[in-house]
Every structure is written in C-alpha cells, then in structure tokens.
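What follows is the content of final_2.cif, which has mmCIF, C-alpha atoms and all ligand atoms:
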data_data
#
loop_
_atom_site.label_atom_id
_atom_site.label_comp_id
_atom_site.auth_asym_id
_atom_site.auth_seq_id
_atom_site.Cartn_x
_atom_site.Cartn_y
_atom_site.Cartn_z
CA MET A 27 0.00 0.00 0.00
CA GLU A 28 1.28 3.48 -0.82
CA LYS A 29 1.92 5.73 2.14
CA ILE A 30 1.11 9.29 3.17
CA LEU A 31 3.54 10.86 5.64
CA VAL A 32 1.96 13.51 7.87
CA THR A 33 4.12 15.42 10.32
CA GLY A 34 3.13 17.66 13.24
CA PHE A 35 5.26 19.70 15.62
CA GLU A 36 5.95 19.51 19.34
CA PRO A 37 4.81 22.56 21.40
CA PHE A 38 6.94 25.72 21.29
CA GLY A 39 6.90 29.33 22.46
CA GLY A 40 5.62 28.46 25.94
CA GLU A 41 2.55 26.55 24.71
CA GLN A 42 1.53 23.25 26.34
CA THR A 43 0.22 21.70 23.13
CA ASN A 44 0.59 22.07 19.38
CA PRO A 45 -2.62 21.58 17.36
CA SER A 46 -0.57 20.38 14.37
CA TRP A 47 0.50 17.29 16.31
CA GLU A 48 -2.93 16.80 17.86
CA VAL A 49 -4.39 16.66 14.35
CA ALA A 50 -1.63 14.48 12.84
CA ASN A 51 -1.94 12.03 15.72
CA ALA A 52 -5.73 11.76 15.33
CA LEU A 53 -5.76 10.97 11.60
CA PRO A 54 -7.31 7.72 10.39
CA THR A 55 -4.82 4.96 9.54
CA VAL A 56 -5.94 4.86 5.89
CA ILE A 57 -6.91 7.80 3.63
CA ALA A 58 -7.73 7.38 -0.08
CA GLY A 59 -6.42 3.80 0.03
CA ARG A 60 -3.01 4.89 1.36
CA ALA A 61 -1.55 4.10 4.77
CA VAL A 62 -1.11 7.19 6.95
CA VAL A 63 2.13 7.41 8.91
CA CYS A 64 2.57 10.29 11.34
CA GLU A 65 5.72 11.74 12.86
CA ARG A 66 6.29 14.35 15.60
CA ILE A 67 8.93 16.91 14.61
CA PRO A 68 11.08 19.08 16.92
CA VAL A 69 10.68 22.87 16.65
CA SER A 70 14.34 23.28 15.73
CA PHE A 71 15.98 24.87 12.69
CA ARG A 72 18.71 22.23 12.92
CA ARG A 73 16.78 19.09 13.83
CA GLY A 74 13.32 19.77 12.33
CA PRO A 75 14.14 19.61 8.60
CA ALA A 76 16.43 16.62 9.21
CA ALA A 77 13.64 14.77 11.06
CA VAL A 78 11.28 15.21 8.11
CA LEU A 79 13.91 14.09 5.60
CA ASN A 80 14.73 11.03 7.73
CA ALA A 81 11.04 10.11 7.90
CA ILE A 82 10.73 10.48 4.11
CA ARG A 83 13.74 8.18 3.60
CA ARG A 84 12.46 5.64 6.11
CA GLU A 85 8.81 5.51 5.04
CA ASN A 86 9.15 6.14 1.29
CA PRO A 87 5.73 7.86 1.06
CA SER A 88 4.08 9.05 -2.17
CA VAL A 89 2.68 12.18 -0.50
CA VAL A 90 4.17 14.26 2.33
CA LEU A 91 2.08 16.76 4.29
CA CYS A 92 3.69 18.72 7.10
CA LEU A 93 1.40 20.50 9.56
CA GLY A 94 2.27 23.45 11.79
CA GLN A 95 0.59 25.86 14.19
CA ALA A 96 -0.02 29.41 12.98
CA GLY A 97 -1.31 31.18 16.08
CA GLY A 98 -3.64 34.04 15.14
CA ARG A 99 -4.86 32.61 11.85
CA ALA A 100 -8.58 31.91 11.63
CA LYS A 101 -8.45 29.36 8.81
CA VAL A 102 -6.70 26.15 7.80
CA THR A 103 -4.13 27.35 5.29
CA PRO A 104 -2.32 25.22 2.68
CA GLU A 105 0.99 26.99 1.98
CA PHE A 106 1.85 27.92 -1.60
CA VAL A 107 5.61 28.44 -1.20
CA GLY A 108 8.64 27.78 1.00
CA ILE A 109 11.38 30.43 0.89
CA ASN A 110 15.13 30.16 1.34
CA TYR A 111 15.21 32.51 4.30
CA ALA A 112 15.07 32.45 8.10
CA ASP A 113 14.17 35.32 10.40
CA ALA A 114 13.15 33.97 13.80
CA ARG A 115 11.08 36.24 16.06
CA ILE A 116 11.65 33.87 19.00
CA SER A 117 14.23 31.19 19.76
CA ASP A 118 13.49 27.66 18.61
CA ASN A 119 13.37 24.78 21.12
CA ASP A 120 17.19 24.46 20.94
CA GLY A 121 17.69 28.15 21.76
CA ALA A 122 18.68 29.02 18.17
CA GLN A 123 17.38 32.25 16.60
CA PRO A 124 18.67 32.70 13.04
CA GLN A 125 17.85 36.19 11.81
CA GLY A 126 17.92 37.58 8.30
CA MET A 127 19.80 34.71 6.69
CA ARG A 128 19.46 32.16 3.93
CA LEU A 129 18.59 28.60 4.95
CA SER A 130 20.81 27.09 2.29
CA ALA A 131 23.59 28.90 0.39
CA GLY A 132 23.44 28.13 -3.30
CA ALA A 133 19.88 26.77 -3.21
CA PRO A 134 17.08 28.55 -5.11
CA ASP A 135 15.24 31.46 -3.47
CA ALA A 136 12.01 29.49 -3.17
CA TYR A 137 10.06 26.39 -4.11
CA PHE A 138 6.36 26.15 -4.79
CA SER A 139 4.49 23.34 -3.01
CA THR A 140 4.03 20.31 -5.24
CA LEU A 141 0.58 19.65 -3.75
CA PRO A 142 -2.55 21.12 -5.40
CA VAL A 143 -3.02 23.84 -2.78
CA ARG A 144 -5.93 25.68 -4.40
CA ALA A 145 -7.91 22.47 -4.92
CA MET A 146 -7.08 21.36 -1.38
CA ALA A 147 -8.32 24.62 0.14
CA GLN A 148 -11.53 24.28 -1.90
CA ALA A 149 -11.96 20.65 -0.77
CA MET A 150 -11.66 21.81 2.83
CA ILE A 151 -14.25 24.55 2.28
CA ASP A 152 -16.57 22.02 0.60
CA ALA A 153 -16.23 19.88 3.76
CA GLY A 154 -17.39 22.86 5.85
CA VAL A 155 -13.98 23.87 7.16
CA PRO A 156 -12.75 27.50 6.95
CA ALA A 157 -9.70 27.37 4.66
CA ALA A 158 -7.67 29.52 2.28
CA VAL A 159 -4.40 29.30 0.37
CA SER A 160 -1.59 31.14 2.17
CA TYR A 161 1.22 32.74 0.21
CA SER A 162 3.63 32.91 3.15
CA ALA A 163 4.63 30.14 5.54
CA GLY A 164 6.56 32.75 7.54
CA THR A 165 10.28 32.78 8.24
CA TYR A 166 10.44 30.41 11.22
CA VAL A 167 10.84 26.62 11.57
CA CYS A 168 7.72 25.69 9.57
CA ASN A 169 8.97 27.51 6.49
CA ALA A 170 12.42 25.93 7.00
CA VAL A 171 10.87 22.44 7.06
CA LEU A 172 8.80 23.12 3.93
CA PHE A 173 11.73 24.65 2.03
CA SER A 174 14.14 21.85 2.99
CA ALA A 175 11.71 19.08 2.06
CA LEU A 176 10.96 20.65 -1.34
CA HIS A 177 14.67 21.32 -1.97
CA ALA A 178 15.65 17.74 -1.11
CA LEU A 179 12.89 16.24 -3.26
CA ALA A 180 13.64 18.58 -6.20
CA THR A 181 17.38 17.96 -6.17
CA SER A 182 16.91 14.18 -5.97
CA HIS A 183 14.40 14.35 -8.89
CA SER A 184 11.87 12.61 -6.68
CA ALA A 185 8.26 12.14 -7.79
CA VAL A 186 7.12 12.46 -4.17
CA ARG A 187 4.75 15.41 -3.75
CA ALA A 188 5.08 17.53 -0.64
CA GLY A 189 3.48 20.50 1.03
CA PHE A 190 2.59 22.23 4.25
CA VAL A 191 -0.62 23.28 5.98
CA HIS A 192 -0.73 25.77 8.86
CA VAL A 193 -3.55 25.33 11.37
CA PRO A 194 -5.01 27.83 13.89
CA TYR A 195 -4.76 27.59 17.66
CA SER A 196 -7.05 25.07 19.34
CA PRO A 197 -9.83 26.59 21.48
CA GLU A 198 -7.96 25.32 24.58
CA GLN A 199 -4.92 27.42 23.60
CA ALA A 200 -6.98 30.49 22.71
CA CYS A 201 -8.71 30.33 26.13
CA GLN A 202 -5.34 30.90 27.80
CA LEU A 203 -4.71 34.15 25.90
CA SER A 204 -5.83 37.55 27.11
CA LYS A 205 -6.28 38.96 23.59
CA VAL A 206 -9.24 37.90 21.45
CA THR A 207 -7.67 35.26 19.20
CA PRO A 208 -9.21 32.99 16.56
CA SER A 209 -9.19 29.21 17.04
CA LEU A 210 -10.71 26.09 15.50
CA PRO A 211 -11.67 22.82 17.20
CA ILE A 212 -9.21 19.98 16.53
CA ALA A 213 -12.04 17.77 15.17
CA LEU A 214 -12.93 20.41 12.57
CA VAL A 215 -9.31 20.90 11.49
CA LEU A 216 -8.95 17.13 11.31
CA ARG A 217 -11.90 16.95 8.90
CA GLY A 218 -10.25 19.63 6.77
CA ILE A 219 -6.91 17.82 6.65
CA VAL A 220 -8.58 14.53 5.69
CA SER A 221 -10.47 16.31 2.88
CA GLY A 222 -7.29 18.03 1.74
CA LEU A 223 -5.38 14.75 1.64
CA GLU A 224 -8.18 12.98 -0.26
CA CYS A 225 -8.00 15.80 -2.79
CA ALA A 226 -4.21 15.61 -3.03
CA CYS A 227 -4.31 11.83 -3.59
CA ALA A 228 -7.07 12.06 -6.22
CA TRP A 229 -5.06 14.67 -8.09
CA GLY A 230 -2.33 12.35 -9.33
N1 LIG A 301 4.66 26.52 14.00
C1 LIG A 301 5.91 27.24 13.83
C2 LIG A 301 6.99 26.21 14.03
C3 LIG A 301 6.33 25.04 14.67
C4 LIG A 301 4.88 25.28 14.52
O1 LIG A 301 4.00 24.48 14.83
C5 LIG A 301 5.98 27.99 12.51
O2 LIG A 301 4.94 28.41 12.00
O3 LIG A 301 7.08 28.21 12.00
#
Spit out the file's structure as structure tokens when you get a sec.
Ligand code: PCA
Amino acid sequence: MEKILVTGFEPFGGEQTNPSWEVANALPTVIAGRAVVCERIPVSFRRGPAAVLNAIRRENPSVVLCLGQAGGRAKVTPEFVGINYADARISDNDGAQPQGMRLSAGAPDAYFSTLPVRAMAQAMIDAGVPAAVSYSAGTYVCNAVLFSALHALATSHSAVRAGFVHVPYSPEQACQLSKVTPSLPIALVLRGIVSGLECACAWG
C-alpha cells in the first residue's frame, strides 16, 4: 500500500500543546487507500528539517504533508511556497534564533508546493472547514521544514509530492490568551486535513 507521511510539531513558544500534532496524531490509519504514517517533529531549525527528511527516507511515502501551528490565523491554510530565508522572532526549542539569513547557500530562493493547494483549500471549504491558500509560511521553523523538504525532493528528482498546511490555535490554547484570538476545534481541522489529503491523492 502506498503511504502518506503527515508530520506535526511539538509545542513551542511556551505553549503546552501544538494543534498540528494533535491533528496528525488523530488521523485515520488509511486515507484514499493509502496508509497514513505520522511523525512528531522538533521545533528546531537544525533538527526539524532533518527529522522530516529522515522520515521520508524511512517511510518512502508518495505524499508528504507537514502540519504546523499558525497562532492568530482563523483558517486552515495550505501553503503555496517555501522560501530560502530564516528570520526567527523567538528562539526555537534548541535556543537558536537565526535572523535575516538564507537557509541554504546556493539553493534557489524558493520552491512552490508540489501539492494542489488551491484544490485542497476548496476541498476543505466544501467539507465545511474554513480554509484559504496562504502565500507565506513565515520565516520560522515551519517555512524551513517546507523549504528543505521541497529542496531535497527537487534535487533528488523525486516524484514524491510535498506540502505544508498551517492550522489555527485550538480553542484550549486560545482560552489561555488575554487577547481575542481565533481558534478552530481539533475535530474540525482534522476533517479539513482529511479532505485536503483525499483531494491531493485524487489529483495524481
Ligand atoms: N509553528 C511554527 C513552528 C512550529 C509550529 O507548529 C511555525 O509556523 O514556523
């Protein structure tokens, strides 16, 4: 059976949970006739991209979807592009804070996701989940993971398709914040991710 690799992140920035991992960990074991394998990734510029690449090598999936938390967003957002740039507002979980620098000297400035992001966002909306394509994955660890995965797959001429989806805070996280902040229930985000993956698998 072909495989889908879905990654989620450990908590960071003082949070107790990360909705990206809560969703990845709750996925069904089979989607669109493919086995779903999930992996928890450290919020680390050094170890995060390597963990995703190791999982790709180990599992040999046909589709890779990395999930990350985007606190403050109100929708589930498939990312269009990963950029060759890091500018960390806060330290990662190793205490590293790269600022204003390329991720990889000599690599291209950016890679577009090789997943059908517009169709995936529409599939999520059709399933009743607030969603929209995002044209920036930021300049923190999530963008670094997306860029590194796309760079590695492009340079090895791999047919594996890969992309990233940012998810909002869970209601439990938003309750802890003093400012009014959007959130979506994990079960709703989960439904969106399943619909997005079904769309990505049907696409080719
Ligand atoms: N979100 C961060 C890194 C880990 C996560 O879940 C980001 O958007 O870069």
(Q) For A:Glu105, find every residue with an atom within 9 Å (counting all atoms listed in the file), except residues of its own chain fewer than 6 positions away, and show them as number ranges by chain. (A) A: 138-139, 143, 159-163, 172, 189-192
Can I get the selection written as a short mmCIF file (atom, residue, chain, number, x, y, z; two decimals), in the coordinates of the input, with C-alpha atoms?
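Everything below was put into out-v5.cif:
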data_model
loop_
_atom_site.label_atom_id
_atom_site.label_comp_id
_atom_site.auth_asym_id
_atom_site.auth_seq_id
_atom_site.Cartn_x
_atom_site.Cartn_y
_atom_site.Cartn_z
CA PHE A 138 6.36 26.15 -4.79
CA SER A 139 4.49 23.34 -3.01
CA VAL A 143 -3.02 23.84 -2.78
CA VAL A 159 -4.40 29.30 0.37
CA SER A 160 -1.59 31.14 2.17
CA TYR A 161 1.22 32.74 0.21
CA SER A 162 3.63 32.91 3.15
CA ALA A 163 4.63 30.14 5.54
CA LEU A 172 8.80 23.12 3.93
CA GLY A 189 3.48 20.50 1.03
CA PHE A 190 2.59 22.23 4.25
CA VAL A 191 -0.62 23.28 5.98
CA HIS A 192 -0.73 25.77 8.86
#
(Q) If I take atom CA of A:Leu53 and atom CA of A:Arg66, how far is one from the other in Å, to one decimal? (A) 13.1 Å
Return as a tab-separated table the residues of chain A lying at most 8 Å from ligand LIG 301 (chain A), together with the closest atom-to-atom pair for each and the distance in Å to one decimal, counting only C-alpha atoms and all ligand atoms, with rows in chain order and ascending residue number.
residue	atom	partner	partner_atom	distance
A:Gly34	CA	A:LIG301	O1	7.1
A:Phe35	CA	A:LIG301	O1	5.0
A:Glu36	CA	A:LIG301	O1	7.0
A:Pro37	CA	A:LIG301	O1	6.9
A:Phe38	CA	A:LIG301	C3	6.7
A:Asn44	CA	A:LIG301	O1	6.2
A:Pro45	CA	A:LIG301	O1	7.7
A:Ser46	CA	A:LIG301	O1	6.2
A:Pro68	CA	A:LIG301	C3	7.9
A:Val69	CA	A:LIG301	C3	5.2
A:Leu93	CA	A:LIG301	O1	7.1
A:Gly94	CA	A:LIG301	O1	3.6
A:Gln95	CA	A:LIG301	O1	3.7
A:Ala96	CA	A:LIG301	O2	5.2
A:Gly97	CA	A:LIG301	N1	7.9
A:Ala163	CA	A:LIG301	O2	6.7
A:Gly164	CA	A:LIG301	O3	6.4
A:Thr165	CA	A:LIG301	O3	6.7
A:Tyr166	CA	A:LIG301	O3	4.1
A:Val167	CA	A:LIG301	O3	4.1
A:Cys168	CA	A:LIG301	O3	3.6
A:Asn169	CA	A:LIG301	O3	5.9
A:Ala170	CA	A:LIG301	O3	7.7
A:His192	CA	A:LIG301	O2	7.0
Q. In Å to one decimal, how far is atom CA of A:Ala100 from atom CA of A:Ala77?
A. 28.1 Å
**Q.** Between atom CA of A:Ile30 and atom CA of A:Glu85, distance in Å (one decimal)
**A.**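 Distance reported for this atom pair: 8.8 Å.
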Q: Identify which of the residues A:Lys205, A:Arg83, A:Lys29, A:Arg72 lies closest to A:Asp118, counting only C-alpha atoms when measuring atom-to-atom distances.
A: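 Answer, going by the shortest atom-to-atom distance: A:Arg72.
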Q. Which protein, DNA or RNA residues have an atom at most 10 Å from (-2.2, 3.8, 4.9), counting all atoms listed in the file? List them as a list in words.
A. Met27, Glu28, Lys29, Ile30, Leu31, Pro54, Thr55, Val56, Ile57, Ala58, Gly59, Arg60, Ala61, Val62, Val63 and Pro87 of chain A
(Q) Which polymer residues, whether protein, DNA or RNA, lie within 10 Å of the coordinate (-7.0, 15.0, 12.4) when you count all atoms listed in the file? List them as a PyMOL selection string, using the chain letters and numbers from the file. (A) chain A and resi 45-54+212-220
Q) So which one's closest to A:Ser221, A:Ser204, A:Gln148, A:Ser70, A:Asn86? Using all atoms listed in the file, please. A)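 Under the stated criterion, the closest residue is A:Gln148.
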Q) Neighbours of A:Ala131 within 9 Å (only C-alpha atoms; same-chain residues fewer than 3 positions away dropped), as a ChimeraX atom specification? A) /A:110,128,134
Considering all atoms listed in the file, tabulate each residue of stretch 39-123 of chain A that lies at most 8 Å from stretch 173-179 of chain A along with its nearest interatomic pair and the corresponding distance in Å to one decimal; arrange the rows by chain and ascending residue number and present them as JSON lines.
{"residue": "A:Pro75", "atom": "CA", "partner": "A:Ser174", "partner_atom": "CA", "distance": 6.0}
{"residue": "A:Val78", "atom": "CA", "partner": "A:Ala175", "partner_atom": "CA", "distance": 7.2}
{"residue": "A:Leu79", "atom": "CA", "partner": "A:Ala175", "partner_atom": "CA", "distance": 6.5}
{"residue": "A:Val107", "atom": "CA", "partner": "A:Phe173", "partner_atom": "CA", "distance": 7.9}
{"residue": "A:Gly108", "atom": "CA", "partner": "A:Phe173", "partner_atom": "CA", "distance": 4.5}
{"residue": "A:Ile109", "atom": "CA", "partner": "A:Phe173", "partner_atom": "CA", "distance": 5.9}
{"residue": "A:Asn110", "atom": "CA", "partner": "A:Phe173", "partner_atom": "CA", "distance": 6.5}
Please write out, as JSON, where the centre of an axis-aligned box around all listed atoms of stretch 55-70 of chain A lies and how long its edges are, in Å to one decimal, after adding 4 Å on each side.
{"center_x": 3.3, "center_y": 13.5, "center_z": 8.4, "size_x": 30.1, "size_y": 27.5, "size_z": 25.0}
